[in-house]
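Structure file entry_15.pdb; described as PDB, C-alpha atoms and all ligand atoms.
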```pdb
MODEL        1
ATOM      1  CA  MET A   1     -14.616 -13.629  21.723
ATOM      2  CA  THR A   2     -12.642 -10.394  21.550
ATOM      3  CA  ALA A   3     -10.291 -10.351  18.595
ATOM      4  CA  GLN A   4      -6.542  -9.920  18.933
ATOM      5  CA  LEU A   5      -5.160  -6.777  17.359
ATOM      6  CA  LEU A   6      -3.067  -6.861  14.198
ATOM      7  CA  ASP A   7      -0.700  -4.112  15.287
ATOM      8  CA  GLY A   8       0.643  -2.657  12.048
ATOM      9  CA  LYS A   9       2.369   0.216  13.774
ATOM     10  CA  SER A  10       4.636  -1.956  15.865
ATOM     11  CA  LEU A  11       5.388  -4.356  12.968
ATOM     12  CA  ALA A  12       6.286  -1.350  10.789
ATOM     13  CA  ARG A  13       8.844  -0.225  13.405
ATOM     14  CA  THR A  14      10.404  -3.715  13.411
ATOM     15  CA  ILE A  15      10.655  -3.660   9.604
ATOM     16  CA  GLU A  16      12.218  -0.193   9.763
ATOM     17  CA  LYS A  17      14.962  -1.482  12.082
ATOM     18  CA  THR A  18      15.999  -4.139   9.528
ATOM     19  CA  LEU A  19      15.839  -1.598   6.700
ATOM     20  CA  ARG A  20      18.047   0.823   8.640
ATOM     21  CA  ASP A  21      20.828  -1.807   8.688
ATOM     22  CA  GLU A  22      20.406  -2.498   4.969
ATOM     23  CA  VAL A  23      20.562   1.231   4.233
ATOM     24  CA  GLU A  24      23.769   1.615   6.258
ATOM     25  CA  THR A  25      25.369  -1.257   4.327
ATOM     26  CA  PHE A  26      24.229   0.279   1.042
ATOM     27  CA  ALA A  27      25.670   3.664   2.021
ATOM     28  CA  LYS A  28      29.050   2.102   2.892
ATOM     29  CA  VAL A  29      29.307   0.212  -0.407
ATOM     30  CA  ARG A  30      27.858   2.886  -2.683
ATOM     31  CA  GLY A  31      29.018   6.052  -0.979
ATOM     32  CA  ARG A  32      25.491   7.454  -0.972
ATOM     33  CA  ARG A  33      22.105   6.587   0.464
ATOM     34  CA  PRO A  34      19.102   5.133  -1.382
ATOM     35  CA  ARG A  35      17.012   8.042  -2.609
ATOM     36  CA  LEU A  36      13.269   8.432  -3.112
ATOM     37  CA  VAL A  37      11.729  11.244  -5.177
ATOM     38  CA  VAL A  38       8.039  11.988  -4.602
ATOM     39  CA  VAL A  39       5.897  14.154  -6.887
ATOM     40  CA  LEU A  40       3.011  15.872  -5.117
ATOM     41  CA  VAL A  41       0.491  17.769  -7.249
ATOM     42  CA  GLY A  42      -1.796  20.394  -5.705
ATOM     43  CA  ASP A  43      -2.565  20.897  -2.034
ATOM     44  CA  VAL A  44      -5.088  18.194  -1.059
ATOM     45  CA  ALA A  45      -4.656  17.835   2.718
ATOM     46  CA  ALA A  46      -4.829  14.003   2.821
ATOM     47  CA  SER A  47      -2.189  13.601   0.071
ATOM     48  CA  GLY A  48       0.054  16.129   1.830
ATOM     49  CA  SER A  49      -0.171  14.223   5.089
ATOM     50  CA  TYR A  50       0.528  10.833   3.414
ATOM     51  CA  VAL A  51       3.602  12.346   1.759
ATOM     52  CA  LYS A  52       4.761  13.781   5.087
ATOM     53  CA  SER A  53       4.539  10.386   6.764
ATOM     54  CA  LYS A  54       6.534   8.838   3.878
ATOM     55  CA  GLU A  55       9.204  11.552   4.256
ATOM     56  CA  SER A  56       9.566  11.060   8.013
ATOM     57  CA  ALA A  57       9.656   7.265   7.720
ATOM     58  CA  ALA A  58      12.370   7.554   5.021
ATOM     59  CA  ALA A  59      14.390   9.797   7.337
ATOM     60  CA  ARG A  60      14.034   7.288  10.211
ATOM     61  CA  VAL A  61      15.692   4.525   8.162
ATOM     62  CA  GLY A  62      18.292   6.803   6.549
ATOM     63  CA  ILE A  63      16.785   6.967   3.038
ATOM     64  CA  ASP A  64      17.222  10.377   1.383
ATOM     65  CA  SER A  65      13.972  11.758   0.054
ATOM     66  CA  GLU A  66      12.871  14.781  -1.893
ATOM     67  CA  VAL A  67       9.327  15.992  -2.472
ATOM     68  CA  ILE A  68       8.753  17.951  -5.676
ATOM     69  CA  ARG A  69       5.628  20.054  -5.278
ATOM     70  CA  VAL A  70       3.736  20.952  -8.436
ATOM     71  CA  PRO A  71       0.845  23.440  -8.667
ATOM     72  CA  VAL A  72      -2.597  21.986  -9.399
ATOM     73  CA  THR A  73      -2.661  24.048 -12.633
ATOM     74  CA  THR A  74      -0.075  21.753 -14.261
ATOM     75  CA  ASP A  75      -1.095  19.608 -17.225
ATOM     76  CA  THR A  76      -0.409  16.015 -18.285
ATOM     77  CA  LEU A  77       2.407  16.899 -20.721
ATOM     78  CA  ARG A  78       4.310  18.957 -18.162
ATOM     79  CA  LEU A  79       3.890  16.306 -15.496
ATOM     80  CA  VAL A  80       5.033  13.509 -17.835
ATOM     81  CA  SER A  81       8.112  15.518 -18.799
ATOM     82  CA  LEU A  82       8.874  16.253 -15.124
ATOM     83  CA  VAL A  83       8.748  12.519 -14.318
ATOM     84  CA  GLN A  84      10.905  11.716 -17.360
ATOM     85  CA  GLY A  85      13.443  14.298 -16.150
ATOM     86  CA  ILE A  86      13.487  12.785 -12.652
ATOM     87  CA  ALA A  87      14.085   9.381 -14.254
ATOM     88  CA  GLN A  88      17.170  10.880 -15.956
ATOM     89  CA  ASP A  89      18.409  11.903 -12.504
ATOM     90  CA  THR A  90      18.083  15.637 -13.246
ATOM     91  CA  HIS A  91      16.859  16.039  -9.652
ATOM     92  CA  GLY A  92      19.685  13.944  -8.236
ATOM     93  CA  PRO A  93      19.831  10.148  -8.128
ATOM     94  CA  ALA A  94      16.310   8.773  -8.041
ATOM     95  CA  ASP A  95      16.311   5.097  -7.081
ATOM     96  CA  GLY A  96      12.588   5.230  -6.417
ATOM     97  CA  ILE A  97      10.037   7.549  -8.040
ATOM     98  CA  LEU A  98       6.529   7.914  -6.665
ATOM     99  CA  VAL A  99       3.686  10.075  -7.943
ATOM    100  CA  GLN A 100       1.245  10.657  -5.096
ATOM    101  CA  LEU A 101      -2.317   9.749  -6.086
ATOM    102  CA  PRO A 102      -4.984  10.829  -6.711
ATOM    103  CA  LEU A 103      -3.979  13.328  -9.391
ATOM    104  CA  PRO A 104      -6.384  16.147 -10.280
ATOM    105  CA  ALA A 105      -9.198  15.095 -12.639
ATOM    106  CA  HIS A 106      -7.787  16.988 -15.656
ATOM    107  CA  ILE A 107      -4.567  14.920 -15.574
ATOM    108  CA  ASP A 108      -4.231  11.599 -17.442
ATOM    109  CA  THR A 109      -3.081   9.515 -14.468
ATOM    110  CA  LEU A 110      -2.059   6.459 -16.509
ATOM    111  CA  ALA A 111       0.112   8.579 -18.835
ATOM    112  CA  VAL A 112       1.941  10.012 -15.816
ATOM    113  CA  LEU A 113       2.361   6.635 -14.075
ATOM    114  CA  ASP A 114       3.607   5.053 -17.312
ATOM    115  CA  ALA A 115       6.396   7.675 -17.390
ATOM    116  CA  VAL A 116       7.882   6.155 -14.216
ATOM    117  CA  PRO A 117      10.457   3.582 -15.439
ATOM    118  CA  ALA A 118       9.603   0.058 -14.305
ATOM    119  CA  ASP A 119      12.895  -0.293 -12.414
ATOM    120  CA  ARG A 120      12.208   2.811 -10.262
ATOM    121  CA  ASP A 121       8.486   2.115  -9.810
ATOM    122  CA  VAL A 122       8.465   1.653  -6.032
ATOM    123  CA  ASP A 123       4.645   1.828  -5.949
ATOM    124  CA  GLY A 124       4.515  -1.248  -8.198
ATOM    125  CA  PHE A 125       1.931   0.268 -10.554
ATOM    126  CA  HIS A 126       3.862  -0.059 -13.855
ATOM    127  CA  PRO A 127       2.337  -2.639 -16.253
ATOM    128  CA  GLU A 128       5.653  -4.534 -16.272
ATOM    129  CA  ASN A 129       5.598  -4.866 -12.476
ATOM    130  CA  ALA A 130       1.896  -5.783 -12.491
ATOM    131  CA  GLY A 131       2.680  -8.437 -15.136
ATOM    132  CA  LEU A 132       5.575  -9.873 -13.128
ATOM    133  CA  LEU A 133       3.333 -10.102 -10.066
ATOM    134  CA  SER A 134       0.595 -11.835 -12.038
ATOM    135  CA  GLN A 135       3.143 -14.413 -13.264
ATOM    136  CA  GLY A 136       4.238 -15.158  -9.700
ATOM    137  CA  ARG A 137       7.708 -13.556 -10.022
ATOM    138  CA  PRO A 138       7.169 -10.183  -8.358
ATOM    139  CA  ARG A 139       9.697  -7.312  -8.347
ATOM    140  CA  PHE A 140       7.959  -4.268  -6.841
ATOM    141  CA  ILE A 141       4.715  -5.338  -5.163
ATOM    142  CA  PRO A 142       2.142  -2.551  -4.565
ATOM    143  CA  CYS A 143       2.871  -1.401  -1.013
ATOM    144  CA  THR A 144      -0.546  -1.880   0.614
ATOM    145  CA  ALA A 145      -0.980  -5.393  -0.765
ATOM    146  CA  ALA A 146       2.534  -6.334   0.359
ATOM    147  CA  GLY A 147       1.801  -4.817   3.794
ATOM    148  CA  VAL A 148      -1.379  -6.861   4.271
ATOM    149  CA  GLN A 149       0.392 -10.103   3.352
ATOM    150  CA  ARG A 150       3.287  -9.275   5.674
ATOM    151  CA  MET A 151       0.829  -8.554   8.501
ATOM    152  CA  LEU A 152      -0.793 -11.982   8.107
ATOM    153  CA  ILE A 153       2.553 -13.803   7.934
ATOM    154  CA  ASP A 154       3.914 -11.957  10.971
ATOM    155  CA  ALA A 155       0.855 -12.853  13.061
ATOM    156  CA  GLY A 156       1.270 -16.528  12.094
ATOM    157  CA  ILE A 157      -2.086 -16.557  10.309
ATOM    158  CA  GLU A 158      -2.136 -19.456   7.846
ATOM    159  CA  THR A 159      -3.394 -18.565   4.373
ATOM    160  CA  ALA A 160      -2.821 -21.910   2.609
ATOM    161  CA  GLY A 161      -6.140 -23.551   1.809
ATOM    162  CA  LYS A 162      -8.076 -20.724   3.510
ATOM    163  CA  HIS A 163     -10.895 -18.814   1.850
ATOM    164  CA  VAL A 164      -9.900 -15.167   1.565
ATOM    165  CA  VAL A 165     -12.615 -12.724   0.561
ATOM    166  CA  ILE A 166     -11.340  -9.342  -0.642
ATOM    167  CA  ILE A 167     -13.760  -6.457  -1.083
ATOM    168  CA  GLY A 168     -12.506  -3.937  -3.653
ATOM    169  CA  ARG A 169     -10.928  -4.615  -7.068
ATOM    170  CA  SER A 170      -8.631  -1.593  -7.512
ATOM    171  CA  ASP A 171      -5.282  -1.938  -9.293
ATOM    172  CA  ILE A 172      -3.653  -0.506  -6.164
ATOM    173  CA  VAL A 173      -5.059  -2.796  -3.463
ATOM    174  CA  GLY A 174      -7.677  -5.439  -4.292
ATOM    175  CA  LYS A 175      -6.263  -6.899  -7.520
ATOM    176  CA  PRO A 176      -2.622  -7.221  -6.408
ATOM    177  CA  LEU A 177      -3.786  -8.687  -3.087
ATOM    178  CA  ALA A 178      -5.816 -11.336  -4.905
ATOM    179  CA  LEU A 179      -2.726 -12.257  -6.957
ATOM    180  CA  LEU A 180      -0.403 -12.329  -3.930
ATOM    181  CA  LEU A 181      -2.622 -14.392  -1.654
ATOM    182  CA  SER A 182      -3.477 -16.927  -4.365
ATOM    183  CA  ALA A 183       0.165 -17.327  -5.500
ATOM    184  CA  ARG A 184       2.183 -20.350  -4.416
ATOM    185  CA  GLY A 185       4.272 -20.049  -1.265
ATOM    186  CA  ILE A 186       4.370 -18.519   2.202
ATOM    187  CA  GLY A 187       1.511 -16.083   2.745
ATOM    188  CA  GLY A 188      -0.202 -17.464  -0.363
ATOM    189  CA  ASP A 189      -1.964 -20.639  -1.529
ATOM    190  CA  ALA A 190      -5.342 -19.226  -0.502
ATOM    191  CA  THR A 191      -8.614 -19.563  -2.374
ATOM    192  CA  VAL A 192      -9.545 -15.977  -3.170
ATOM    193  CA  THR A 193     -12.901 -14.367  -3.908
ATOM    194  CA  LEU A 194     -12.640 -10.792  -5.211
ATOM    195  CA  CYS A 195     -15.774  -8.731  -4.563
ATOM    196  CA  HIS A 196     -16.681  -5.293  -5.884
ATOM    197  CA  SER A 197     -19.513  -2.801  -6.218
ATOM    198  CA  ARG A 198     -21.458  -5.104  -8.572
ATOM    199  CA  SER A 199     -21.110  -8.252  -6.444
ATOM    200  CA  ALA A 200     -24.516  -9.723  -5.558
ATOM    201  CA  ASP A 201     -25.342 -10.450  -1.901
ATOM    202  CA  LEU A 202     -22.112  -9.225  -0.317
ATOM    203  CA  PRO A 203     -23.002 -10.498   3.212
ATOM    204  CA  HIS A 204     -23.459 -14.032   1.813
ATOM    205  CA  LEU A 205     -19.947 -13.847   0.346
ATOM    206  CA  THR A 206     -18.260 -12.249   3.370
ATOM    207  CA  ARG A 207     -19.739 -14.832   5.760
ATOM    208  CA  GLN A 208     -17.776 -17.526   3.902
ATOM    209  CA  ALA A 209     -14.459 -15.815   4.577
ATOM    210  CA  ASP A 210     -11.798 -17.294   6.839
ATOM    211  CA  ILE A 211      -9.918 -14.066   6.141
ATOM    212  CA  LEU A 212     -11.874 -10.965   5.134
ATOM    213  CA  ILE A 213     -10.074  -7.942   3.674
ATOM    214  CA  ALA A 214     -12.018  -4.713   3.159
ATOM    215  CA  ALA A 215     -10.568  -2.144   0.732
ATOM    216  CA  VAL A 216     -13.519  -0.033  -0.302
ATOM    217  CA  GLY A 217     -13.518   3.459   1.208
ATOM    218  CA  HIS A 218     -16.959   3.218   2.859
ATOM    219  CA  PRO A 219     -17.166   3.681   6.664
ATOM    220  CA  ASN A 220     -18.875   0.846   8.592
ATOM    221  CA  LEU A 221     -19.693  -1.130   5.443
ATOM    222  CA  ILE A 222     -18.683  -4.345   7.217
ATOM    223  CA  THR A 223     -20.799  -5.189  10.266
ATOM    224  CA  ALA A 224     -20.655  -8.070  12.750
ATOM    225  CA  SER A 225     -23.455 -10.005  11.017
ATOM    226  CA  MET A 226     -21.274 -10.222   7.874
ATOM    227  CA  ILE A 227     -18.456 -12.068   9.680
ATOM    228  CA  LYS A 228     -18.014 -15.798  10.205
ATOM    229  CA  PRO A 229     -17.224 -16.258  13.918
ATOM    230  CA  GLY A 230     -13.458 -16.556  14.402
ATOM    231  CA  ALA A 231     -12.568 -15.009  11.032
ATOM    232  CA  VAL A 232      -9.558 -12.743  10.543
ATOM    233  CA  VAL A 233     -10.559  -9.208   9.484
ATOM    234  CA  VAL A 234      -8.136  -6.806   7.804
ATOM    235  CA  ASP A 235      -9.373  -3.246   7.323
ATOM    236  CA  VAL A 236      -7.584  -1.353   4.542
ATOM    237  CA  GLY A 237     -10.137   1.477   4.284
ATOM    238  CA  ILE A 238      -9.288   5.003   5.388
ATOM    239  CA  ASN A 239     -12.272   7.310   5.764
ATOM    240  CA  ARG A 240     -12.495  10.694   7.457
ATOM    241  CA  VAL A 241     -15.769  11.092   9.367
ATOM    242  CA  GLU A 242     -17.188  13.971  11.398
ATOM    243  CA  THR A 243     -18.893  13.211  14.701
ATOM    244  CA  ASP A 244     -20.073  16.014  17.007
ATOM    245  CA  GLY A 245     -17.856  18.493  15.181
ATOM    246  CA  THR A 246     -14.766  16.292  15.595
ATOM    247  CA  SER A 247     -13.037  14.735  12.628
ATOM    248  CA  ARG A 248     -11.440  11.264  12.897
ATOM    249  CA  LEU A 249     -10.211   8.417  10.720
ATOM    250  CA  VAL A 250     -12.127   5.151  10.514
ATOM    251  CA  GLY A 251     -11.861   2.084   8.297
ATOM    252  CA  ASP A 252     -14.499   0.172   6.330
ATOM    253  CA  VAL A 253     -15.193  -2.153   9.265
ATOM    254  CA  ASP A 254     -17.448  -1.415  12.228
ATOM    255  CA  PHE A 255     -14.552  -2.074  14.599
ATOM    256  CA  THR A 256     -16.438  -2.123  17.912
ATOM    257  CA  THR A 257     -18.940  -4.830  16.981
ATOM    258  CA  VAL A 258     -16.767  -6.836  14.582
ATOM    259  CA  ARG A 259     -13.965  -7.246  17.133
ATOM    260  CA  GLU A 260     -16.407  -9.263  19.279
ATOM    261  CA  VAL A 261     -16.875 -11.844  16.489
ATOM    262  CA  ALA A 262     -13.482 -11.988  14.767
ATOM    263  CA  SER A 263     -10.328 -13.756  16.000
ATOM    264  CA  TRP A 264      -7.965 -11.068  14.666
ATOM    265  CA  ILE A 265      -8.694  -7.519  13.508
ATOM    266  CA  SER A 266      -6.582  -4.638  12.216
ATOM    267  CA  PRO A 267      -7.377  -1.197  13.628
ATOM    268  CA  VAL A 268      -7.648   2.101  11.730
ATOM    269  CA  PRO A 269      -5.449   4.021  12.270
ATOM    270  CA  GLY A 270      -2.421   1.909  13.274
ATOM    271  CA  GLY A 271      -3.127  -1.150  11.124
ATOM    272  CA  VAL A 272      -2.415  -1.416   7.406
ATOM    273  CA  GLY A 273      -1.416   2.254   6.960
ATOM    274  CA  PRO A 274       2.021   2.120   8.672
ATOM    275  CA  LEU A 275       2.819  -1.131   6.829
ATOM    276  CA  THR A 276       2.081   0.505   3.481
ATOM    277  CA  VAL A 277       4.754   3.093   4.276
ATOM    278  CA  ALA A 278       7.204   0.432   5.516
ATOM    279  CA  MET A 279       6.773  -1.528   2.272
ATOM    280  CA  LEU A 280       7.448   1.640   0.271
ATOM    281  CA  LEU A 281      10.753   2.007   2.098
ATOM    282  CA  ALA A 282      11.543  -1.660   1.438
ATOM    283  CA  ASN A 283      10.803  -1.190  -2.279
ATOM    284  CA  THR A 284      13.063   1.883  -2.354
ATOM    285  CA  VAL A 285      15.965  -0.046  -0.833
ATOM    286  CA  LEU A 286      15.303  -2.887  -3.311
ATOM    287  CA  ALA A 287      15.288  -0.398  -6.231
ATOM    288  CA  ALA A 288      18.606   1.056  -5.056
ATOM    289  CA  GLU A 289      20.120  -2.414  -4.660
ATOM    290  CA  LEU A 290      18.922  -3.444  -8.136
ATOM    291  CA  ARG A 291      20.641  -0.353  -9.595
ATOM    292  CA  LEU A 292      23.793  -1.145  -7.603
ATOM    293  CA  GLY A 293      23.815  -4.589  -9.164
ATOM    294  CA  GLN A 294      23.449  -3.113 -12.636
ATOM    295  CA  THR A 295      26.360  -0.657 -12.547
TER     296      THR A 295
HETATM  297  P1  LIG A 301     -10.983   2.498  -5.173
HETATM  298  O1  LIG A 301     -12.005   3.568  -5.050
HETATM  299  O2  LIG A 301     -10.048   2.492  -6.343
HETATM  300  O3  LIG A 301     -11.689   1.081  -5.147
HETATM  301  C1  LIG A 301     -12.762   0.817  -4.285
HETATM  302  C2  LIG A 301     -13.315  -0.556  -4.633
HETATM  303  O4  LIG A 301     -14.409  -0.823  -3.773
HETATM  304  C3  LIG A 301     -13.818  -0.683  -6.060
HETATM  305  O5  LIG A 301     -13.224  -1.833  -6.636
HETATM  306  C4  LIG A 301     -15.333  -0.879  -5.916
HETATM  307  O6  LIG A 301     -15.850  -1.790  -6.864
HETATM  308  C5  LIG A 301     -15.472  -1.415  -4.520
HETATM  309  N1  LIG A 301     -16.745  -1.041  -3.892
HETATM  310  C6  LIG A 301     -17.281   0.205  -3.792
HETATM  311  N2  LIG A 301     -18.457   0.149  -3.133
HETATM  312  C7  LIG A 301     -18.674  -1.146  -2.826
HETATM  313  C8  LIG A 301     -19.703  -1.841  -2.164
HETATM  314  N3  LIG A 301     -20.760  -1.194  -1.669
HETATM  315  N4  LIG A 301     -19.598  -3.177  -2.035
HETATM  316  C9  LIG A 301     -18.525  -3.848  -2.522
HETATM  317  N5  LIG A 301     -17.499  -3.238  -3.163
HETATM  318  C10 LIG A 301     -17.583  -1.907  -3.314
HETATM  319  O7  LIG A 301     -10.199   2.529  -3.800
HETATM  320  P2  LIG A 301      -8.730   2.003  -3.366
HETATM  321  O8  LIG A 301      -7.709   2.917  -3.882
HETATM  322  O9  LIG A 301      -8.600   0.544  -3.620
HETATM  323  O10 LIG A 301      -8.859   2.254  -1.792
HETATM  324  C11 LIG A 301      -9.851   1.614  -1.014
HETATM  325  C12 LIG A 301      -9.803   2.126   0.405
HETATM  326  O11 LIG A 301      -8.524   1.808   0.945
HETATM  327  C13 LIG A 301      -9.918   3.645   0.543
HETATM  328  O12 LIG A 301     -10.553   3.943   1.763
HETATM  329  C14 LIG A 301      -8.472   4.108   0.606
HETATM  330  O13 LIG A 301      -8.338   5.343   1.304
HETATM  331  C15 LIG A 301      -7.876   2.986   1.389
HETATM  332  N6  LIG A 301      -6.442   2.798   1.181
HETATM  333  C16 LIG A 301      -5.712   2.603   2.297
HETATM  334  C17 LIG A 301      -4.364   2.390   2.193
HETATM  335  C18 LIG A 301      -3.586   2.144   3.443
HETATM  336  O14 LIG A 301      -2.379   2.249   3.421
HETATM  337  N7  LIG A 301      -4.237   1.762   4.546
HETATM  338  C19 LIG A 301      -3.747   2.383   0.936
HETATM  339  C20 LIG A 301      -4.537   2.540  -0.199
HETATM  340  C21 LIG A 301      -5.895   2.743  -0.060
ENDMDL
END
```

Let's see the structure in the file written out as structure tokens.
Amino acid sequence: MTAQLLDGKSLARTIEKTLRDEVETFAKVRGRRPRLVVVLVGDVAASGSYVKSKESAAARVGIDSEVIRVPVTTDTLRLVSLVQGIAQDTHGPADGILVQLPLPAHIDTLAVLDAVPADRDVDGFHPENAGLLSQGRPRFIPCTAAGVQRMLIDAGIETAGKHVVIIGRSDIVGKPLALLLSARGIGGDATVTLCHSRSADLPHLTRQADILIAAVGHPNLITASMIKPGAVVVDVGINRVETDGTSRLVGDVDFTTVREVASWISPVPGGVGPLTVAMLLANTVLAAELRLGQT
């Protein structure tokens, strides 16, 4: 069996088309466009390139965006007060505020993220948004988790009653995914096992998965022998590897061998990544609409 591809890139373009219409309607009613403000600290190449792809996707759907670049020498207090200022619209209307992670080690990341008001938190990391998600009444869902669920729904992959095994328990990906896929409703109702670095006998657990989701950050961690034949495999990992002096991006899954065992597989790049960006745009439009409703 050769697995069908979960084409995140093409689904992201379809989502963008719908968002473009919503943005045009918003602009007509409000007299301005939804606006996203991104804070980028330091000059880590990967973060810079993620921010660039967010900026160009925002431009494609007509969302205004601004990137505020901050030198790596900043400290927690200064960064918190910058975010608080953005939240008071001192940098223009900020419907959505995003602090690009990871922050340098000397910064208290939680203190900075907590400074983003819950109603502008388009990354969905604020405790209030995490709490709403855990109670099954989500507002801003973390973008990668929302993107994975959307990918499964779009491909017509049933989750109800299925055993989903997620590898990785981060607040950004693994945990919100476990909540989403086990919640009641479309794209949910699954039985979820959440694995992590201390899980015993990972292959034993992964072989039970109808749907396996890898979000670790470890190239080729998942091999064909760890997959139940016919399973759906979603690869969230993004790893830069060097082969013969050439650098390329790979996921956590050994794509070439696993695609011969799985029924569906998401590629890296072109899988979950573009959907993460599309969900960020969707959250930004939602944030702008929520503000429109409030004023
Ligand atoms: P993280 O470092 O916060 O979490 C990694 C998780 O993997 C941890 O919970 C850890 O317990 C688990 N883990 C580590 N080694 C393991 C092992 N040997 N066996 C089982 N579990 C193990 O990372 P994160 O922020 O959740 O990101 C995970 C990966 O997803 C990274 O490669 C990241 O670049 C990628 N990512 C991709 C997107 C996207 O849009 N495609 C978005 C966010 C993160």

TODO: Please evaluate the PyMOL selection byres (((chain A and resi 17-29) around 8) and not hetatm) against the displayed coordinates and give the resulting residues as number ranges by chain.
DONE: A: 13-16, 30-34, 60-63, 281-282, 285, 289

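This file, queried with the PyMOL selection byres (((not hetatm)) within 7 of (chain A and resi 301)), gives the residues Thr144, Ile167, Gly168, Arg169, Ser170, Ile172, Val173, Gly174, Cys195, His196, Ser197, Arg198, Ser199, Leu202, Ala215, Val216, Gly217, His218, Val236, Gly237, Ile238, Asn239, Gly251, Val272, Gly273, Pro274 and Thr276 of chain A.
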
Write out the residues from the selection above, keeping C-alpha atoms, as a PDB file, keeping the file's coordinate frame.
```
ATOM      1  CA  THR A 144      -0.546  -1.880   0.614  1.00  0.00           C
ATOM      2  CA  ILE A 167     -13.760  -6.457  -1.083  1.00  0.00           C
ATOM      3  CA  GLY A 168     -12.506  -3.937  -3.653  1.00  0.00           C
ATOM      4  CA  ARG A 169     -10.928  -4.615  -7.068  1.00  0.00           C
ATOM      5  CA  SER A 170      -8.631  -1.593  -7.512  1.00  0.00           C
ATOM      6  CA  ILE A 172      -3.653  -0.506  -6.164  1.00  0.00           C
ATOM      7  CA  VAL A 173      -5.059  -2.796  -3.463  1.00  0.00           C
ATOM      8  CA  GLY A 174      -7.677  -5.439  -4.292  1.00  0.00           C
ATOM      9  CA  CYS A 195     -15.774  -8.731  -4.563  1.00  0.00           C
ATOM     10  CA  HIS A 196     -16.681  -5.293  -5.884  1.00  0.00           C
ATOM     11  CA  SER A 197     -19.513  -2.801  -6.218  1.00  0.00           C
ATOM     12  CA  ARG A 198     -21.458  -5.104  -8.572  1.00  0.00           C
ATOM     13  CA  SER A 199     -21.110  -8.252  -6.444  1.00  0.00           C
ATOM     14  CA  LEU A 202     -22.112  -9.225  -0.317  1.00  0.00           C
ATOM     15  CA  ALA A 215     -10.568  -2.144   0.732  1.00  0.00           C
ATOM     16  CA  VAL A 216     -13.519  -0.033  -0.302  1.00  0.00           C
ATOM     17  CA  GLY A 217     -13.518   3.459   1.208  1.00  0.00           C
ATOM     18  CA  HIS A 218     -16.959   3.218   2.859  1.00  0.00           C
ATOM     19  CA  VAL A 236      -7.584  -1.353   4.542  1.00  0.00           C
ATOM     20  CA  GLY A 237     -10.137   1.477   4.284  1.00  0.00           C
ATOM     21  CA  ILE A 238      -9.288   5.003   5.388  1.00  0.00           C
ATOM     22  CA  ASN A 239     -12.272   7.310   5.764  1.00  0.00           C
ATOM     23  CA  GLY A 251     -11.861   2.084   8.297  1.00  0.00           C
ATOM     24  CA  VAL A 272      -2.415  -1.416   7.406  1.00  0.00           C
ATOM     25  CA  GLY A 273      -1.416   2.254   6.960  1.00  0.00           C
ATOM     26  CA  PRO A 274       2.021   2.120   8.672  1.00  0.00           C
ATOM     27  CA  THR A 276       2.081   0.505   3.481  1.00  0.00           C
TER      28      THR A 276
END
```

Task: Pick from A:Ala46, A:Ala278, A:Ala214, A:Leu40, whichever lies nearest to Leu249 in chain A using all atoms listed in the file - done: A:Ala46

TODO: Report as a list in words the residues that result from applying the PyMOL selection byres (((chain A and resi 254) around 7) and not hetatm) to the structure here.
DONE: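 So the PyMOL selection byres (((chain A and resi 254) around 7) and not hetatm) ends up selecting Asn220, Ile222, Thr223, Asp252, Val253, Phe255, Thr256, Thr257 and Val258 of chain A.
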
The selected residues should be written to file as a PDB file, in the frame of the given file (atoms: C-alpha atoms).
```
ATOM      1  CA  ASN A 220     -18.875   0.846   8.592  1.00  0.00           C
ATOM      2  CA  ILE A 222     -18.683  -4.345   7.217  1.00  0.00           C
ATOM      3  CA  THR A 223     -20.799  -5.189  10.266  1.00  0.00           C
ATOM      4  CA  ASP A 252     -14.499   0.172   6.330  1.00  0.00           C
ATOM      5  CA  VAL A 253     -15.193  -2.153   9.265  1.00  0.00           C
ATOM      6  CA  PHE A 255     -14.552  -2.074  14.599  1.00  0.00           C
ATOM      7  CA  THR A 256     -16.438  -2.123  17.912  1.00  0.00           C
ATOM      8  CA  THR A 257     -18.940  -4.830  16.981  1.00  0.00           C
ATOM      9  CA  VAL A 258     -16.767  -6.836  14.582  1.00  0.00           C
TER      10      VAL A 258
END
```

- [ ] Kindly give the distance, in Å, that separates CA of Lys9 in chain A and CA of Gly270 in chain A, rounded to a single decimal.
- [x] 5.1 Å

Task: Point-to-point distance in Å for CA of Thr206 in chain A and CA of Ser225 in chain A - done: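 Calculated distance between CA of Ser225 in chain A and CA of Thr206 in chain A is 9.5 Å.
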
Task: Given only C-alpha atoms as the counted atoms, nearest of A:Gln100, A:Gln208, A:Ser10, A:Thr109 to Gly48 in chain A - done: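 Under the stated criterion, the closest residue is A:Gln100.
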
Open item on the list: Residues within 9 Å of (-5.3, -11.1, -6.0), file coordinates, counting all atoms listed in the file: what are they? Give the list as a ChimeraX atom specification.
Closed with: /A:134,145,166,169,173-183,192-194

TODO: Could you check how far CA of Asp123 in chain A sits from CA of Pro71 in chain A, in Å to one decimal?
DONE: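 About the pair CA of Asp123 in chain A and CA of Pro71 in chain A: they are 22.1 Å apart.
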
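For the choices A:Leu36, A:Val72, A:Ala231, A:Ile213, the atom-to-atom distance to Pro104 in chain A is smallest for A:Val72 when using all atoms listed in the file.
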
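Selection around (-7.9, -10.0, 8.1) with radius 10 Å, counting all atoms listed in the file, yields the residues A:Leu6, A:Val148, A:Gln149, A:Met151, A:Leu152, A:Ile157, A:Val164, A:Val165, A:Ile166, A:Ala209, A:Asp210, A:Ile211, A:Leu212, A:Ile213, A:Ala214, A:Ala231, A:Val232, A:Val233, A:Val234, A:Asp235, A:Val236, A:Ala262, A:Ser263, A:Trp264, A:Ile265, A:Ser266.
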